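Colleague: Input final_9.cif, format and content: mmCIF, C-alpha atoms.
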data_structure
#
loop_
_atom_site.group_PDB
_atom_site.id
_atom_site.type_symbol
_atom_site.label_atom_id
_atom_site.label_comp_id
_atom_site.auth_asym_id
_atom_site.auth_seq_id
_atom_site.Cartn_x
_atom_site.Cartn_y
_atom_site.Cartn_z
ATOM 1 C CA MET R 1 65.356 -21.874 18.472
ATOM 2 C CA PRO R 2 67.904 -21.086 21.190
ATOM 3 C CA ILE R 3 67.083 -21.245 24.889
ATOM 4 C CA HIS R 4 67.330 -17.884 26.691
ATOM 5 C CA THR R 5 67.730 -17.158 30.361
ATOM 6 C CA PRO R 6 64.465 -16.280 32.110
ATOM 7 C CA GLY R 7 63.646 -12.609 32.541
ATOM 8 C CA ARG R 8 61.575 -9.772 31.235
ATOM 9 C CA ARG R 9 61.312 -9.950 27.473
ATOM 10 C CA LEU R 10 58.077 -8.164 26.579
ATOM 11 C CA MET R 11 58.768 -5.317 24.128
ATOM 12 C CA HIS R 12 62.548 -5.323 24.774
ATOM 13 C CA ASP R 13 63.233 -6.224 21.176
ATOM 14 C CA ILE R 14 61.811 -2.930 19.884
ATOM 15 C CA PRO R 15 64.729 -0.709 18.874
ATOM 16 C CA LEU R 16 63.090 2.576 19.993
ATOM 17 C CA LYS R 17 64.756 4.032 23.088
ATOM 18 C CA PHE R 18 61.616 5.611 24.633
ATOM 19 C CA VAL R 19 59.750 2.264 24.440
ATOM 20 C CA GLN R 20 62.613 0.475 26.192
ATOM 21 C CA ASN R 21 62.673 3.195 28.870
ATOM 22 C CA LYS R 22 58.924 2.889 29.434
ATOM 23 C CA VAL R 23 59.064 -0.886 29.645
ATOM 24 C CA GLY R 24 62.174 -0.966 31.775
ATOM 25 C CA GLY R 25 61.013 1.854 34.029
ATOM 26 C CA ALA R 26 64.306 3.756 33.653
ATOM 27 C CA GLY R 27 64.053 4.884 37.282
ATOM 28 C CA LYS R 28 61.144 7.288 36.641
ATOM 29 C CA LYS R 29 57.656 7.170 38.031
ATOM 30 C CA ASN R 30 54.739 7.665 35.749
ATOM 31 C CA VAL R 31 53.014 10.993 36.422
ATOM 32 C CA ASN R 32 49.714 9.715 35.031
ATOM 33 C CA ALA R 33 48.001 7.407 37.495
ATOM 34 C CA SER R 34 45.941 4.709 35.930
ATOM 35 C CA LEU R 35 42.281 4.624 36.935
ATOM 36 C CA ASN R 36 40.623 1.279 37.165
ATOM 37 C CA LEU R 37 37.571 1.772 34.969
ATOM 38 C CA VAL R 38 35.641 -1.174 36.422
ATOM 39 C CA SER R 39 35.810 0.260 39.945
ATOM 40 C CA PHE R 40 34.712 3.661 38.662
ATOM 41 C CA ILE R 41 31.712 2.171 36.845
ATOM 42 C CA ASP R 42 30.759 0.181 39.969
ATOM 43 C CA PHE R 43 30.859 3.401 41.989
ATOM 44 C CA LEU R 44 28.662 5.245 39.480
ATOM 45 C CA VAL R 45 26.127 2.405 39.348
ATOM 46 C CA THR R 46 25.958 2.384 43.147
ATOM 47 C CA MET R 47 25.353 6.156 43.202
ATOM 48 C CA VAL R 48 22.607 5.940 40.568
ATOM 49 C CA VAL R 49 20.834 3.127 42.426
ATOM 50 C CA PHE R 50 21.048 5.086 45.684
ATOM 51 C CA LEU R 51 19.603 8.214 44.084
ATOM 52 C CA LEU R 52 16.804 6.297 42.389
ATOM 53 C CA THR R 53 15.765 4.616 45.631
ATOM 54 C CA SER R 54 15.900 7.790 47.697
ATOM 55 C CA PHE R 55 13.775 9.896 45.329
ATOM 56 C CA SER R 56 10.234 8.877 44.551
ATOM 57 C CA ALA R 57 9.195 9.004 40.917
ATOM 58 C CA SER R 58 5.519 9.115 41.822
ATOM 59 C CA GLY R 59 5.847 12.423 43.650
ATOM 60 C CA GLU R 60 4.804 11.070 47.030
ATOM 61 C CA LEU R 61 5.664 13.541 49.751
ATOM 62 C CA LEU R 62 5.029 11.506 52.849
ATOM 63 C CA SER R 63 5.161 8.020 54.154
ATOM 64 C CA VAL R 64 2.356 6.835 56.355
ATOM 65 C CA GLN R 65 3.357 5.849 59.853
ATOM 66 C CA ALA R 66 2.540 2.277 60.826
ATOM 67 C CA ASN R 67 0.045 3.225 63.538
ATOM 68 C CA ILE R 68 -1.956 5.721 61.439
ATOM 69 C CA GLN R 69 -4.922 4.623 59.347
ATOM 70 C CA MET R 70 -5.846 7.560 57.154
ATOM 71 C CA PRO R 71 -9.410 8.138 55.932
ATOM 72 C CA ASN R 72 -10.424 7.474 52.328
ATOM 73 C CA ALA R 73 -11.479 10.196 49.881
ATOM 74 C CA ALA R 74 -12.436 10.286 46.214
ATOM 75 C CA ASN R 75 -12.006 14.012 45.497
ATOM 76 C CA VAL R 76 -8.344 14.752 46.085
ATOM 77 C CA THR R 77 -5.594 17.065 44.864
ATOM 78 C CA THR R 78 -1.869 16.577 44.863
ATOM 79 C CA LEU R 79 0.071 17.847 47.858
ATOM 80 C CA GLU R 80 2.842 20.428 47.753
ATOM 81 C CA PRO R 81 5.996 20.006 49.870
ATOM 82 C CA SER R 82 5.047 21.277 53.336
ATOM 83 C CA PRO R 83 5.630 20.460 57.000
ATOM 84 C CA ILE R 84 3.811 17.246 57.973
ATOM 85 C CA ILE R 85 1.940 16.975 61.273
ATOM 86 C CA ALA R 86 1.164 13.316 62.017
ATOM 87 C CA ILE R 87 -1.532 12.571 64.600
ATOM 88 C CA SER R 88 -1.524 8.976 65.801
ATOM 89 C CA PRO R 89 -3.483 7.581 68.769
ATOM 90 C CA GLU R 90 -0.285 7.767 70.862
ATOM 91 C CA VAL R 91 1.655 10.870 69.807
ATOM 92 C CA ILE R 92 1.655 13.980 67.609
ATOM 93 C CA THR R 93 4.785 14.558 65.520
ATOM 94 C CA LEU R 94 6.026 17.326 63.241
ATOM 95 C CA ASP R 95 8.179 15.966 60.419
ATOM 96 C CA GLY R 96 8.938 12.884 62.530
ATOM 97 C CA ARG R 97 9.866 14.781 65.726
ATOM 98 C CA ARG R 98 7.698 14.105 68.793
ATOM 99 C CA ILE R 99 5.671 17.123 69.939
ATOM 100 C CA VAL R 100 3.078 15.938 72.498
ATOM 101 C CA ASP R 101 1.115 12.858 73.596
ATOM 102 C CA THR R 102 -2.306 12.558 71.980
ATOM 103 C CA PRO R 103 -4.140 11.199 75.076
ATOM 104 C CA SER R 104 -3.110 14.247 77.131
ATOM 105 C CA LEU R 105 -4.621 16.556 74.488
ATOM 106 C CA ALA R 106 -7.795 14.480 74.243
ATOM 107 C CA ALA R 107 -8.281 14.622 78.030
ATOM 108 C CA ASN R 108 -8.855 18.397 78.006
ATOM 109 C CA ALA R 109 -11.946 19.446 76.022
ATOM 110 C CA GLN R 110 -11.077 23.179 75.893
ATOM 111 C CA LEU R 111 -9.508 24.660 72.781
ATOM 112 C CA GLU R 112 -5.894 25.473 73.560
ATOM 113 C CA ARG R 113 -2.787 25.935 71.490
ATOM 114 C CA ILE R 114 0.051 23.429 71.515
ATOM 115 C CA ASP R 115 3.028 25.617 72.426
ATOM 116 C CA GLN R 116 5.774 23.253 71.223
ATOM 117 C CA LEU R 117 4.025 22.826 67.855
ATOM 118 C CA VAL R 118 3.618 26.588 67.462
ATOM 119 C CA GLN R 119 7.301 27.178 68.271
ATOM 120 C CA ASP R 120 8.528 24.523 65.835
ATOM 121 C CA LEU R 121 6.251 25.767 63.036
ATOM 122 C CA GLU R 122 7.373 29.370 63.611
ATOM 123 C CA THR R 123 10.996 28.210 63.369
ATOM 124 C CA GLN R 124 10.244 26.486 60.056
ATOM 125 C CA ARG R 125 8.467 29.634 58.846
ATOM 126 C CA ARG R 126 11.526 31.792 59.653
ATOM 127 C CA ASN R 127 13.802 29.275 57.913
ATOM 128 C CA TRP R 128 11.552 29.313 54.855
ATOM 129 C CA GLY R 129 11.769 33.115 54.755
ATOM 130 C CA ILE R 130 15.560 32.952 54.801
ATOM 131 C CA LEU R 131 15.682 30.369 52.003
ATOM 132 C CA HIS R 132 13.058 32.127 49.827
ATOM 133 C CA PRO R 133 13.526 35.860 50.494
ATOM 134 C CA ARG R 134 11.506 37.176 47.527
ATOM 135 C CA GLN R 135 8.588 34.761 47.633
ATOM 136 C CA PRO R 136 5.454 35.142 49.729
ATOM 137 C CA PHE R 137 5.044 32.540 52.467
ATOM 138 C CA PRO R 138 2.488 29.903 51.368
ATOM 139 C CA GLY R 139 1.543 28.945 54.934
ATOM 140 C CA ALA R 140 0.811 25.346 53.955
ATOM 141 C CA VAL R 141 0.917 22.369 56.302
ATOM 142 C CA ILE R 142 -0.135 18.739 55.799
ATOM 143 C CA ILE R 143 -2.086 16.975 58.533
ATOM 144 C CA GLN R 144 -1.859 13.201 58.545
ATOM 145 C CA ALA R 145 -4.391 12.022 61.114
ATOM 146 C CA HIS R 146 -5.605 8.597 62.182
ATOM 147 C CA ARG R 147 -9.251 8.129 61.179
ATOM 148 C CA GLU R 148 -10.345 7.379 64.778
ATOM 149 C CA ILE R 149 -8.821 10.524 66.357
ATOM 150 C CA ASP R 150 -11.191 12.782 68.291
ATOM 151 C CA PHE R 151 -11.854 15.944 66.296
ATOM 152 C CA ARG R 152 -11.046 18.096 69.332
ATOM 153 C CA VAL R 153 -7.426 16.982 69.043
ATOM 154 C CA ILE R 154 -7.382 17.812 65.320
ATOM 155 C CA LYS R 155 -8.993 21.170 66.104
ATOM 156 C CA LYS R 156 -6.193 21.963 68.602
ATOM 157 C CA VAL R 157 -3.589 21.078 65.972
ATOM 158 C CA MET R 158 -5.351 23.260 63.385
ATOM 159 C CA PHE R 159 -5.605 26.137 65.878
ATOM 160 C CA SER R 160 -1.903 25.847 66.731
ATOM 161 C CA ALA R 161 -0.946 25.809 63.039
ATOM 162 C CA ALA R 162 -3.022 28.951 62.458
ATOM 163 C CA GLN R 163 -1.339 30.623 65.453
ATOM 164 C CA ALA R 164 2.040 29.937 63.822
ATOM 165 C CA GLY R 165 0.919 31.482 60.520
ATOM 166 C CA TYR R 166 -0.037 28.319 58.650
ATOM 167 C CA ALA R 167 -3.558 28.950 57.346
ATOM 168 C CA ASN R 168 -3.411 26.615 54.342
ATOM 169 C CA LEU R 169 -4.188 23.171 55.823
ATOM 170 C CA SER R 170 -4.292 19.972 53.782
ATOM 171 C CA PHE R 171 -5.314 16.546 55.037
ATOM 172 C CA ALA R 172 -3.490 13.458 53.796
ATOM 173 C CA VAL R 173 -5.959 10.721 52.767
ATOM 174 C CA HIS R 174 -6.012 7.477 50.831
ATOM 175 C CA ARG R 175 -7.306 8.034 47.321
ATOM 176 C CA THR R 176 -10.318 5.915 46.326
ATOM 177 C CA GLU R 177 -12.132 5.643 43.034
ATOM 178 C CA ALA R 178 -15.031 8.045 42.616
ATOM 179 C CA ARG R 179 -18.380 6.317 42.227
ATOM 180 C CA ARG R 180 -20.031 6.880 38.894
ATOM 181 C CA GLY R 181 -23.682 7.028 37.981
ATOM 182 C CA GLY R 182 -26.327 5.962 40.487
ATOM 183 C CA GLY R 183 -28.794 8.669 41.521
ATOM 184 C CA GLY R 184 -28.843 10.966 44.448
ATOM 185 C CA GLY R 185 -28.192 10.496 48.045
ATOM 186 C CA GLY R 186 -24.752 10.499 49.498
ATOM 187 C CA GLY R 187 -23.752 7.948 51.944
ATOM 188 C CA GLY R 188 -20.336 7.928 53.372
ATOM 189 C CA HIS R 189 -17.824 5.346 54.288
#
Could you render the structure from this file as structure tokens?

Modeller:
Amino acid sequence: MPIHTPGRRLMHDIPLKFVQNKVGGAGKKNVNASLNLVSFIDFLVTMVVFLLTSFSASGELLSVQANIQMPNAANVTTLEPSPIIAISPEVITLDGRRIVDTPSLAANAQLERIDQLVQDLETQRRNWGILHPRQPFPGAVIIQAHREIDFRVIKKVMFSAAQAGYANLSFAVHRTEARRGGGGGGGGH
């Protein structure tokens, strides 16, 4: 077998002219860009993992704030997507935005509306009307309150929600198992 000078040899022995032009380049650039399939699959896997982690399969609508201990309840229904008013011992928030301090509301015993809450809820109501022009407004809001909060504060929040047109109030609670059997008499937790 003779010794040849080093150089490009792959597919140069094929007598077809178009193969030699492709292998040699022939001064032309390829109009079809090659796509690295491994990188594309990595990108798709990353997107699927991101989407799976950002959407809850259990249908949970809210996450409980660290400083709120919600009450327990056995008779519950599932919640619909609605604005969430969180009442902690320190602050009241609407969908994570600070509205007012809870101690300042608890200091005054008179029933009064929370102006900032009413304004923000009315803004959300107008936005809902723009997004759903042919549907009636459900007027639903979810209240997520700490179990030790004075009811006067909750009453002010409920009054403010009603002033903004939200008459359908739901309270977020921890679901417990219903007790079975055992005769009368209630008894709460």

Colleague: Could you list the residues chosen by the PyMOL selection byres ((chain R and resi 91) around 12) in this structure as a PyMOL selection string?

Modeller: chain R and resi 65+67-68+85-90+92-94+96-106+145-146+149+153

Colleague: One decimal, Å: what's the distance from CA of Phe137 (chain R) over to CA of Arg152 (chain R), could you say?

Modeller: 27.4 Å

Colleague: Quick one: pull the distance between CA of Ala161 (chain R) and CA of Arg175 (chain R), Å, one decimal.

Modeller: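 Those two atoms sit 24.6 Å apart.
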
Colleague: For region 125-136 of chain R, work out the shell of residues within 9 Å, counting only C-alpha atoms and skipping chain neighbours fewer than 5 positions away, then give it as a ChimeraX atom specification.

Modeller: /R:120,164-166

Colleague: Once you have the residues from the selection above, write them out as a PDB file, in the frame of the given file, restricted to C-alpha atoms.

Modeller:
ATOM      1  CA  ASP R 120       8.528  24.523  65.835  1.00  0.00           C
ATOM      2  CA  ALA R 164       2.040  29.937  63.822  1.00  0.00           C
ATOM      3  CA  GLY R 165       0.919  31.482  60.520  1.00  0.00           C
ATOM      4  CA  TYR R 166      -0.037  28.319  58.650  1.00  0.00           C
TER       5      TYR R 166
END

Colleague: Run the PyMOL selection byres ((chain R and resi 110) around 9) on the file and write out the hits as a VMD selection string.

Modeller: chain R and resid 108 to 109 111 to 112 152 156

Colleague: What gap, in Å, lies between CA of Ala107 (chain R) and CA of Val157 (chain R)?

Modeller: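 According to the coordinates, CA of Ala107 (chain R) and CA of Val157 (chain R) are separated by 14.5 Å.
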
Colleague: When you count all atoms listed in the file, which of these residues is closest to Gly139 (chain R): R:Ile84, R:Ala162, R:Ala172, R:Val48?

Modeller: R:Ala162
